[in-house]
>>> print(open('protein-v8.pdb').read())   # PDB, C-alpha atoms
ATOM      1  CA  MET B   1      93.973  25.603 106.825
ATOM      2  CA  ASP B   2      97.692  26.073 106.261
ATOM      3  CA  GLN B   3      98.689  22.423 105.862
ATOM      4  CA  LEU B   4      96.823  19.469 104.353
ATOM      5  CA  CYS B   5      97.903  15.880 104.863
ATOM      6  CA  ILE B   6      97.106  13.732 101.828
ATOM      7  CA  VAL B   7      97.331   9.956 102.058
ATOM      8  CA  THR B   8      97.078   8.054  98.782
ATOM      9  CA  THR B   9      95.992   4.433  98.596
ATOM     10  CA  GLY B  10      95.659   3.896  94.834
ATOM     11  CA  GLY B  11      92.399   3.250  93.052
ATOM     12  CA  THR B  12      91.117   4.371  89.690
ATOM     13  CA  ILE B  13      92.213   7.976  90.245
ATOM     14  CA  ASP B  14      95.860   6.867  89.801
ATOM     15  CA  LYS B  15      95.392   4.113  87.185
ATOM     16  CA  ILE B  16      97.413   3.980  83.972
ATOM     17  CA  TYR B  17      96.061   1.862  81.113
ATOM     18  CA  PHE B  18      98.485   0.161  78.734
ATOM     19  CA  ASP B  19      96.594  -1.645  75.981
ATOM     20  CA  ASP B  20      93.281  -2.482  74.342
ATOM     21  CA  LYS B  21      92.615  -5.232  76.891
ATOM     22  CA  SER B  22      92.346  -2.638  79.689
ATOM     23  CA  ASP B  23      95.524  -3.897  81.313
ATOM     24  CA  TYR B  24      96.417  -1.342  83.941
ATOM     25  CA  GLN B  25      98.726  -0.539  86.789
ATOM     26  CA  ILE B  26      98.237   1.956  89.552
ATOM     27  CA  GLY B  27     100.814   4.656  88.948
ATOM     28  CA  GLU B  28     102.217   7.553  90.917
ATOM     29  CA  PRO B  29      99.691   9.565  92.929
ATOM     30  CA  GLN B  30      98.183  12.305  90.758
ATOM     31  CA  ILE B  31      96.825  14.575  93.485
ATOM     32  CA  GLY B  32     100.079  16.469  94.116
ATOM     33  CA  GLN B  33     100.343  17.461  90.453
ATOM     34  CA  ILE B  34      96.661  18.356  90.311
ATOM     35  CA  LEU B  35      96.829  20.640  93.350
ATOM     36  CA  SER B  36     100.097  22.194  92.215
ATOM     37  CA  GLY B  37      98.634  22.845  88.767
ATOM     38  CA  ILE B  38      95.685  24.774  90.147
ATOM     39  CA  GLY B  39      97.802  26.840  92.537
ATOM     40  CA  VAL B  40      96.304  26.030  95.924
ATOM     41  CA  ALA B  41      97.112  28.430  98.768
ATOM     42  CA  PHE B  42      98.167  25.839 101.340
ATOM     43  CA  ARG B  43     100.992  23.367 101.859
ATOM     44  CA  CYS B  44     100.499  19.673 101.172
ATOM     45  CA  ASN B  45     102.177  16.673 102.726
ATOM     46  CA  VAL B  46     101.552  13.741 100.345
ATOM     47  CA  ILE B  47     102.041  10.265 101.811
ATOM     48  CA  PRO B  48     101.898   7.589  99.073
ATOM     49  CA  LEU B  49     100.869   4.751 101.392
ATOM     50  CA  MET B  50      99.910   2.063  98.875
ATOM     51  CA  ARG B  51      98.991   1.495  95.238
ATOM     52  CA  LYS B  52      96.026  -0.844  95.402
ATOM     53  CA  ASP B  53      92.731  -1.270  93.686
ATOM     54  CA  SER B  54      90.292  -0.870  96.567
ATOM     55  CA  LEU B  55      88.821  -4.307  95.837
ATOM     56  CA  HIS B  56      92.190  -5.710  96.975
ATOM     57  CA  MET B  57      92.294  -3.765 100.237
ATOM     58  CA  ASP B  58      91.786  -5.760 103.410
ATOM     59  CA  ALA B  59      91.441  -5.140 107.145
ATOM     60  CA  ALA B  60      95.229  -4.929 107.569
ATOM     61  CA  ASP B  61      95.436  -2.205 104.880
ATOM     62  CA  ARG B  62      92.670  -0.255 106.585
ATOM     63  CA  ALA B  63      94.354  -0.633 109.979
ATOM     64  CA  LEU B  64      97.614   0.665 108.487
ATOM     65  CA  LEU B  65      95.800   3.647 106.956
ATOM     66  CA  ARG B  66      94.181   4.410 110.301
ATOM     67  CA  GLU B  67      97.533   4.197 112.098
ATOM     68  CA  VAL B  68      99.223   6.498 109.575
ATOM     69  CA  ILE B  69      96.438   9.090 109.841
ATOM     70  CA  GLU B  70      96.484   8.996 113.640
ATOM     71  CA  ARG B  71     100.263   9.648 113.648
ATOM     72  CA  GLN B  72     100.043  12.801 111.518
ATOM     73  CA  SER B  73     100.154  16.194 113.195
ATOM     74  CA  GLU B  74      97.806  17.806 110.648
ATOM     75  CA  ARG B  75      94.149  18.121 111.612
ATOM     76  CA  HIS B  76      92.976  18.128 107.971
ATOM     77  CA  VAL B  77      93.439  14.840 106.088
ATOM     78  CA  LEU B  78      92.406  13.968 102.541
ATOM     79  CA  VAL B  79      92.585  10.328 101.429
ATOM     80  CA  THR B  80      92.512   9.312  97.771
ATOM     81  CA  HIS B  81      90.961   5.879  97.474
ATOM     82  CA  GLY B  82      89.331   3.514  95.020
ATOM     83  CA  THR B  83      85.578   3.932  94.859
ATOM     84  CA  ASP B  84      84.470   0.296  95.192
ATOM     85  CA  THR B  85      85.317  -0.027  98.901
ATOM     86  CA  MET B  86      85.636   3.642  99.865
ATOM     87  CA  VAL B  87      82.626   3.388 102.184
ATOM     88  CA  ASP B  88      84.151   0.384 103.995
ATOM     89  CA  THR B  89      87.402   2.260 104.568
ATOM     90  CA  ALA B  90      85.606   5.405 105.739
ATOM     91  CA  GLN B  91      83.696   3.333 108.274
ATOM     92  CA  ALA B  92      86.964   1.717 109.437
ATOM     93  CA  LEU B  93      88.395   5.198 110.108
ATOM     94  CA  HIS B  94      85.394   6.244 112.225
ATOM     95  CA  GLY B  95      86.318   7.431 115.692
ATOM     96  CA  ILE B  96      89.680   9.040 114.962
ATOM     97  CA  VAL B  97      89.686  12.022 117.308
ATOM     98  CA  GLY B  98      90.677  15.588 116.456
ATOM     99  CA  LYS B  99      90.769  15.264 112.686
ATOM    100  CA  VAL B 100      88.630  16.048 109.677
ATOM    101  CA  ILE B 101      89.141  13.180 107.222
ATOM    102  CA  VAL B 102      87.682  13.285 103.720
ATOM    103  CA  LEU B 103      87.967  10.390 101.289
ATOM    104  CA  THR B 104      87.665  10.970  97.563
ATOM    105  CA  GLY B 105      88.544   9.242  94.339
ATOM    106  CA  ALA B 106      87.509   9.092  90.728
ATOM    107  CA  LEU B 107      85.314   6.967  88.520
ATOM    108  CA  ASN B 108      87.783   7.545  85.656
ATOM    109  CA  PRO B 109      91.581   7.865  85.904
ATOM    110  CA  ALA B 110      92.889  11.393  86.498
ATOM    111  CA  ARG B 111      94.988  11.067  83.344
ATOM    112  CA  PHE B 112      91.849  10.651  81.188
ATOM    113  CA  THR B 113      90.257  13.657  79.506
ATOM    114  CA  GLY B 114      86.934  14.321  81.149
ATOM    115  CA  SER B 115      87.845  12.525  84.374
ATOM    116  CA  ASP B 116      85.933  13.494  87.489
ATOM    117  CA  ALA B 117      89.208  13.451  89.479
ATOM    118  CA  VAL B 118      89.919  17.201  89.536
ATOM    119  CA  PHE B 119      86.319  18.036  90.422
ATOM    120  CA  ASN B 120      86.208  15.455  93.223
ATOM    121  CA  ILE B 121      89.552  16.617  94.627
ATOM    122  CA  GLY B 122      88.347  20.236  94.594
ATOM    123  CA  CYS B 123      85.155  19.257  96.371
ATOM    124  CA  ALA B 124      87.148  17.263  98.941
ATOM    125  CA  VAL B 125      89.568  20.142  99.587
ATOM    126  CA  GLY B 126      86.659  22.493 100.256
ATOM    127  CA  ALA B 127      84.938  19.900 102.428
ATOM    128  CA  VAL B 128      87.982  19.135 104.571
ATOM    129  CA  GLN B 129      88.223  22.835 105.459
ATOM    130  CA  ALA B 130      84.524  23.368 106.184
ATOM    131  CA  LEU B 131      83.389  20.198 107.967
ATOM    132  CA  PRO B 132      83.560  19.344 111.656
ATOM    133  CA  ASP B 133      85.830  16.582 112.932
ATOM    134  CA  GLY B 134      84.887  13.160 111.620
ATOM    135  CA  VAL B 135      85.118  11.034 108.494
ATOM    136  CA  TRP B 136      83.401  12.042 105.262
ATOM    137  CA  ILE B 137      83.218  11.053 101.590
ATOM    138  CA  ALA B 138      83.310  13.640  98.790
ATOM    139  CA  MET B 139      82.083  12.201  95.481
ATOM    140  CA  ASN B 140      79.804  13.293  92.657
ATOM    141  CA  GLY B 141      79.613  16.891  93.878
ATOM    142  CA  ARG B 142      78.274  15.945  97.294
ATOM    143  CA  VAL B 143      79.666  15.325 100.752
ATOM    144  CA  TRP B 144      78.419  12.139 102.343
ATOM    145  CA  ASP B 145      78.265  10.630 105.808
ATOM    146  CA  PRO B 146      79.810   7.148 105.266
ATOM    147  CA  ALA B 147      76.975   5.563 107.263
ATOM    148  CA  LYS B 148      74.415   6.959 104.818
ATOM    149  CA  VAL B 149      75.942   6.400 101.369
ATOM    150  CA  ARG B 150      76.668   3.581  98.957
ATOM    151  CA  LYS B 151      78.223   3.222  95.555
ATOM    152  CA  ASN B 152      75.684   2.306  92.903
ATOM    153  CA  ARG B 153      77.882   0.279  90.543
ATOM    154  CA  ASP B 154      75.218   0.066  87.843
ATOM    155  CA  ALA B 155      74.799   3.857  87.685
ATOM    156  CA  ASN B 156      78.517   4.425  88.467
ATOM    157  CA  ARG B 157      77.828   7.022  91.145
ATOM    158  CA  PHE B 158      77.425   7.481  94.882
ATOM    159  CA  GLU B 159      73.934   7.840  96.314
ATOM    160  CA  ALA B 160      72.083   7.771  99.604
ATOM    161  CA  ALA B 161      72.063   4.286 101.108
ATOM    162  CA  GLY B 162      68.739   2.546 100.705
ATOM    163  CA  THR B 163      68.045   4.244  97.364
TER
END
>>> encode(input="protein-v8.pdb", output="structure tokens")
Amino acid sequence: MDQLCIVTTGGTIDKIYFDDKSDYQIGEPQIGQILSGIGVAFRCNVIPLMRKDSLHMDAADRALLREVIERQSERHVLVTHGTDTMVDTAQALHGIVGKVIVLTGALNPARFTGSDAVFNIGCAVGAVQALPDGVWIAMNGRVWDPAKVRKNRDANRFEAAGT
């Protein structure tokens, strides 16, 4: 892979907290800085599409994301996304032909010490290069088929659907 297309949608990975009441805004995408800081050996095209908490994403947002991905020339696409509706978005992207699309995010903001953001991004970058065409989710050190995974909000992790 020489070129990776990255589409950012917001979510916890890009959140910035301001006060003790957990007031936050979704800030600039963090993935470009993260990848630059670890010295990846490929070029990145970062498209900051939206800054939304995934709970506020709707069908029109998902249709826009799909359209943007379909228009890109790169075969390899990584999407940063909020974790609460990541599975819904992955399912909405199903059927895009000729691309490997991996969604990832973080359970804690990338700016926080101990965040899972860098690990999840690294896992997603490896996955997008190794997987066949289709849509995938990379979270918690695993790569998931969106039809077979769910977010367990109580345990704050992704797990096999039906678990």
>>> closest_atom_pairs(input="protein-v8.pdb", of="range 130-150 of chain B", to="range 81-96 of chain B", cutoff="8 Å", atoms="all atoms listed in the file", output="tab-separated table")
residue	atom	partner	partner_atom	distance
B:Gly134	CA	B:His94	CA	7.0
B:Val135	CA	B:His94	CA	6.1
B:Trp136	CA	B:Ala90	CA	7.0
B:Ile137	CA	B:Ala90	CA	7.4
B:Pro146	CA	B:Val87	CA	5.6
B:Ala147	CA	B:Gln91	CA	7.2
B:Val149	CA	B:Val87	CA	7.4
B:Arg150	CA	B:Val87	CA	6.8
>>> residues_around(input="protein-v8.pdb", residues="Ala155 in chain B", least_positions_apart="4", cutoff="12 Å", atoms="all atoms listed in the file", output="list in words")
Leu107, Asn140, Arg150, Lys151, Glu159 and Thr163 of chain B
>>> write_last_selection(input="protein-v8.pdb", atoms="C-alpha atoms", output="PDB file, in the frame of the given file")
ATOM      1  CA  LEU B 107      85.314   6.967  88.520  1.00  0.00           C
ATOM      2  CA  ASN B 140      79.804  13.293  92.657  1.00  0.00           C
ATOM      3  CA  ARG B 150      76.668   3.581  98.957  1.00  0.00           C
ATOM      4  CA  LYS B 151      78.223   3.222  95.555  1.00  0.00           C
ATOM      5  CA  GLU B 159      73.934   7.840  96.314  1.00  0.00           C
ATOM      6  CA  THR B 163      68.045   4.244  97.364  1.00  0.00           C
TER       7      THR B 163
END
>>> residues_near_point(input="protein-v8.pdb", point="(100.1, 18.4, 111.7)", cutoff="8 Å", atoms="all atoms listed in the file", output="VMD selection string")
chain B and resid 3 5 72 to 75
>>> resolve_selection(input="protein-v8.pdb", expression="the PyMOL selection byres ((chain B and resi 35) around 12)", output="compact mmCIF listing (two decimals) with C-alpha atoms, keeping the file's coordinate frame")
# COMPACT_ATOMS: atom_id res chain seq x y z
CA LEU B 4 96.82 19.47 104.35
CA ILE B 6 97.11 13.73 101.83
CA PRO B 29 99.69 9.56 92.93
CA GLN B 30 98.18 12.30 90.76
CA ILE B 31 96.82 14.58 93.48
CA GLY B 32 100.08 16.47 94.12
CA GLN B 33 100.34 17.46 90.45
CA ILE B 34 96.66 18.36 90.31
CA SER B 36 100.10 22.19 92.22
CA GLY B 37 98.63 22.84 88.77
CA ILE B 38 95.68 24.77 90.15
CA GLY B 39 97.80 26.84 92.54
CA VAL B 40 96.30 26.03 95.92
CA ALA B 41 97.11 28.43 98.77
CA PHE B 42 98.17 25.84 101.34
CA ARG B 43 100.99 23.37 101.86
CA CYS B 44 100.50 19.67 101.17
CA ASN B 45 102.18 16.67 102.73
CA VAL B 46 101.55 13.74 100.34
CA ALA B 117 89.21 13.45 89.48
CA VAL B 118 89.92 17.20 89.54
CA PHE B 119 86.32 18.04 90.42
CA ASN B 120 86.21 15.46 93.22
CA ILE B 121 89.55 16.62 94.63
CA GLY B 122 88.35 20.24 94.59
CA ALA B 124 87.15 17.26 98.94
CA VAL B 125 89.57 20.14 99.59
>>> axis_aligned_box(input="protein-v8.pdb", around="range 5-16 of chain B", padding_each_side="5 Å", output="lines of an AutoDock Vina configuration file")
center_x = 94.5
center_y = 9.6
center_z = 94.4
size_x = 16.8
size_y = 22.6
size_z = 30.9
>>> closest_residue(input="protein-v8.pdb", among="B:Asp145, B:Asp116, B:Asp133, B:Asp61", to="Gly98 in chain B", atoms="only C-alpha atoms")
B:Asp133
>>> closest_residue(input="protein-v8.pdb", among="B:Arg153, B:Arg51, B:Arg142, B:Lys99", to="Ile69 in chain B", atoms="only C-alpha atoms")
B:Lys99
>>> atom_distance(input="protein-v8.pdb", atom1="CA of Lys15 in chain B", atom2="CA of Val68 in chain B")
22.8 Å
>>> atom_distance(input="protein-v8.pdb", atom1="CA of Asp14 in chain B", atom2="CA of Val77 in chain B")
18.3 Å
>>> resolve_selection(input="protein-v8.pdb", expression="the PyMOL selection byres ((chain B and resi 48) around 6)", output="ChimeraX atom specification")
/B:7-8,47,49-50
>>> write_last_selection(input="protein-v8.pdb", atoms="C-alpha atoms", output="PDB file, keeping the file's coordinate frame")
ATOM      1  CA  VAL B   7      97.331   9.956 102.058  1.00  0.00           C
ATOM      2  CA  THR B   8      97.078   8.054  98.782  1.00  0.00           C
ATOM      3  CA  ILE B  47     102.041  10.265 101.811  1.00  0.00           C
ATOM      4  CA  LEU B  49     100.869   4.751 101.392  1.00  0.00           C
ATOM      5  CA  MET B  50      99.910   2.063  98.875  1.00  0.00           C
TER       6      MET B  50
END
>>> atom_distance(input="protein-v8.pdb", atom1="CA of Leu78 in chain B", atom2="CA of Phe112 in chain B")
21.6 Å
>>> decode(input="protein-v8.pdb", residues="range 30-49 of chain B", atoms="N, CA and C atoms", output="short mmCIF file (atom, residue, chain, number, x, y, z; two decimals), in the first residue's frame")
data_model
loop_
_atom_site.label_atom_id
_atom_site.label_comp_id
_atom_site.auth_asym_id
_atom_site.auth_seq_id
_atom_site.Cartn_x
_atom_site.Cartn_y
_atom_site.Cartn_z
N GLN B 30 -7.20 13.64 14.89
CA GLN B 30 -5.90 13.32 15.51
C GLN B 30 -5.08 12.32 14.70
N ILE B 31 -5.71 11.60 13.80
CA ILE B 31 -5.04 10.48 13.13
C ILE B 31 -3.83 10.92 12.30
N GLY B 32 -3.90 12.06 11.64
CA GLY B 32 -2.76 12.53 10.85
C GLY B 32 -1.52 12.72 11.71
N GLN B 33 -1.70 13.37 12.87
CA GLN B 33 -0.58 13.58 13.79
C GLN B 33 -0.06 12.26 14.35
N ILE B 34 -0.98 11.36 14.64
CA ILE B 34 -0.57 10.06 15.20
C ILE B 34 0.27 9.30 14.18
N LEU B 35 -0.18 9.22 12.95
CA LEU B 35 0.56 8.47 11.93
C LEU B 35 1.88 9.15 11.59
N SER B 36 1.88 10.46 11.55
CA SER B 36 3.11 11.20 11.29
C SER B 36 4.12 10.95 12.42
N GLY B 37 3.63 10.95 13.64
CA GLY B 37 4.50 10.77 14.80
C GLY B 37 5.15 9.41 14.88
N ILE B 38 4.53 8.40 14.29
CA ILE B 38 5.13 7.07 14.34
C ILE B 38 5.86 6.71 13.05
N GLY B 39 5.89 7.65 12.11
CA GLY B 39 6.72 7.49 10.91
C GLY B 39 6.27 6.41 9.95
N VAL B 40 5.00 6.38 9.61
CA VAL B 40 4.52 5.37 8.67
C VAL B 40 5.19 5.51 7.31
N ALA B 41 5.28 4.41 6.58
CA ALA B 41 5.97 4.37 5.30
C ALA B 41 4.99 4.38 4.12
N PHE B 42 3.95 5.20 4.23
CA PHE B 42 3.00 5.37 3.15
C PHE B 42 2.43 6.78 3.22
N ARG B 43 1.84 7.21 2.13
CA ARG B 43 1.22 8.55 2.09
C ARG B 43 -0.22 8.46 2.57
N CYS B 44 -0.67 9.53 3.19
CA CYS B 44 -2.05 9.58 3.71
C CYS B 44 -2.78 10.77 3.10
N ASN B 45 -4.01 10.54 2.73
CA ASN B 45 -4.91 11.59 2.30
C ASN B 45 -6.00 11.65 3.36
N VAL B 46 -5.98 12.68 4.23
CA VAL B 46 -6.96 12.79 5.31
C VAL B 46 -8.09 13.71 4.87
N ILE B 47 -9.31 13.18 4.91
CA ILE B 47 -10.51 13.94 4.57
C ILE B 47 -11.31 14.12 5.85
N PRO B 48 -11.29 15.34 6.43
CA PRO B 48 -12.09 15.58 7.64
C PRO B 48 -13.55 15.85 7.26
N LEU B 49 -14.33 14.80 7.14
CA LEU B 49 -15.69 14.90 6.61
C LEU B 49 -16.66 15.57 7.57
#
